[in-house]
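This report concerns only the one structure given below.
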Amino acid sequence: MTVQPGLHRQYCSVAAPTQLWLDPDGRLAGEVTPPGADLPGAGDPADPAGFTGLLHGDTRMLSRALVRVNGLEPEPATVETEPGGVLRVRGLVRGIPGPTEDPAVELLQTWTVTPGVVRHSLQLRTSLDSLDVEIDVELAADFTDMADIRLSRFRDASGPFSADQSALRWREGGKTLTVGAPGAVTAEGRLAWRGSLGRGRPFEAEWQAVLTDEDGAVVAARPPASRPPRTGPAGALGLLLDNSLDDVGGLRLATRQLPDAPFTAAGAPWYFTLFGRDSLWAARLLLPLDSGTDNGLASGTLRALAAFQGSRTDPAAAEEPGKILHELRSKELVLESQGLRLPPVYYGAVDSTPLWLCLLGELWRAGRDDAAVRSLLPNAARAADWLLAAGAGNGGFLSYRDATGHGLSNQGWKDSRDAMQFRDGRQADGPIALSEVQGYAYQAALETAGLFDAYGEPGGQALRDFAAALRLRFRERFWVEDDAGPFPAMALDGHGVPLDIPGSNMGHLLGTGILDPDEARLVADRLVSPELFSGYGVHTISRRAAGFWPFSYHCGSVWSHDTAIAIRGLLADGFTAEARVLADGLLAAAASFGHRLPEVFAGVRAEDSSVAVPYPASCHPQAWSSASAVVIAQAMGVAL
């Protein structure tokens, strides 16, 4: 069975829409062989543990750039990440002897990633008085589509369509890759530099790759004017905050339709585009740092999504009038292993629309971009109409069901096929009403009612009536009880039966207003209990569930943003001590990942492991995970 490539051991640098992925030794060498693949009885070594390459948009263009010095590959020493999209790889060329047993030659490689341009500089240093050297870079390009990479299917390398002494050029359709190295291009299609160095006299070389995609790309670079300075608090928290904000800067994009409306791509490598839920949550978590004006992230995200707001009923795309999209692609996304076939503009998310309204209301209350808020009032009216209509069916709750058979079977943030299950492991049948979505809807209705009143728009009272009725229905239908006490179920299934096992979804209810103070207290206590809190973060589902597994994507793992949203809600409802417990856990987890937070990590308890255990296929950086650092800082009393 083909599995998704592992990512947790790879090094990544992003400057959307461009990505660089290196292997655990800092090499750009193609596919990464699983450890032990050459041992007797091992799995198929053709099924790689990971991949490397230069990617632009949804395509890996350069698949190999293997460096040798005098025919020898450097032995890896360190790989360091630096602000501004820089990876620095230090290695030793141990095959070149010196006068002692000490290594005599060091190679320092510096990769600098900017949107559409990647520079690779090489510096050789030696302890010898004099050394003649040749640096050789073996290149390969394959133009493998991202959907195929996710299935560990890689195309054969192709030769350049043109070459001269200055550059090699590859092209496929509207996608182009140009490798420039004046005077270093060989007749065999490699790069080669010859020279000499000595003690105190390094030898340096450099080449760059220019990547373009005019083949229907729907997003383009929208980097910040400058990367944020590293001025965070001291210690582990400061490192996490600085690294996270640098990663967020590398994920900024805009659509070609609205180039002045920035948003964050959901994450690398698979989700390098506009996602409703992910981009909205990232903007909400980052709102304390948002400039508001001058194309701020919150207003940019709202405007970018409003441009694709649903205008018709199209079951194939899950589109409905007023609905906010789930994801935007340049072409149909086909994932055969998951039975998915999603159109380029896909609306299969039940939460994007209320989250859009929540962000708009929060931006309005922050008072930072009145012009943007005012311009989006017509979109808010259409989104509010969708909210009221969506909440009128299925017992008065917002719910979902895939009508196509090839869309997302689960359409909340836990969107894998097995995410919604009962205590005994049975899968829930649709239509499914998620608990957190009712909380989002409640907050969205009240935020939008206040917004409409402030701008003299009609519809406020209908939204308040909807919210009041939803709150009562939620209390009657979603609360269940086990031997540890009452808790809100993750969801109701298609028969209105609540899922009878606690899950992290309840943390998203905090701060929305749908819970009264006593109910919020019950949720706060349950979140920090050993049943849900691993010591590093909140498990997606209770450890007592039959389907719990620490390495399950949504049934036992820990998601950084999920825990951060719980922290945000705890702070909003006054549970500062509980918020600090969860924040301390995430900060400890981040230390295990180079003071960064990945998309997801394994639900192995802190008492069972002194470090947070990776989830192998976890994306990094992930926008809402990086944005979570802001909430952690708030929980620790840092003024932002």
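How things are named: the first chain in the structure tokens is A, the next is B, and so on; residues count from 1 in each chain; ligands count from 1 in the order shown.
Residues in contact with Pro315 in chain A at up to 9 Å, not including ones fewer than 6 positions away on its chain and judged by only C-alpha atoms, are A:Asp402, A:Ala403, A:Thr404.
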**OP:** Pull the helix (DSSP H, G or I) assignments for range 424-622 of chain A out of DSSP run on the backbone, and list those residues as a PyMOL selection string.
**Re:** chain A and resi 435-454+460-477+504-509+517-527+560-572+576-591
Original post:
Mind pulling up the distance from CA of Asp246 in chain A to CA of Leu640 in chain A?
Top reply: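 CA of Asp246 in chain A lies at a distance of 15.9 Å from CA of Leu640 in chain A.
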Subject >> Spatial neighbours of Ala283 in chain A, max dist 12 Å, only C-alpha atoms, sep filter under 5 positions, as a VMD selection string >> reply: chain A and resid 248 252 262 to 266 275 to 278 288 to 292 296 to 302 355 to 356 358 to 360 362 to 363 623 to 628 630
Subject >> Which of range 179-290 of chain A DSSP labels strand (DSSP E or B), written as a PyMOL selection string >> reply: chain A and resi 179-180+185+191-198+201+203-213+219-221+252-255+263-264+267+271+275
Subject >> Long-range neighbours of range 171-177 of chain A as a list in words, 10 Å cut-off, only C-alpha atoms, 3 positions minimum in chain >> reply: Leu54, His56, Gly57, Thr59, Met61, Leu62, Gly116, Val117, Ala141, Asp142, Phe143, Ser158, Gly159, Pro160, Phe161, Ser162, Leu168, Gly180, Ala209, Val210, Leu211, Thr212, Asp213, Glu214, Asp215, Gly216 and Ala217 of chain A
**OP:** Please provide the set of residues having any atom within 6 Å of range 510-524 of chain A, restricted to only C-alpha atoms, with same-chain residues fewer than 4 positions apart removed, written as a ChimeraX atom specification.
**Re:** /A:439,443,471,569,572-573
**OP:** Extract, using only C-alpha atoms, all DNA, RNA and protein residues at most 6 Å from range 70-82 of chain A, discarding same-chain residues fewer than 2 positions from it, and format them as number ranges by chain.
**Re:** A: 25, 68, 86-93, 133-134
Subject >> Distance query Leu241 in chain A at most 10 Å, only C-alpha atoms, self and fewer than 3 positions along chain excluded, as a ChimeraX atom specification >> reply: /A:230-233,236-238,244-247,595-596,626-633
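CA of Gly603 in chain A is found 27.2 Å from CA of Ala147 in chain A.
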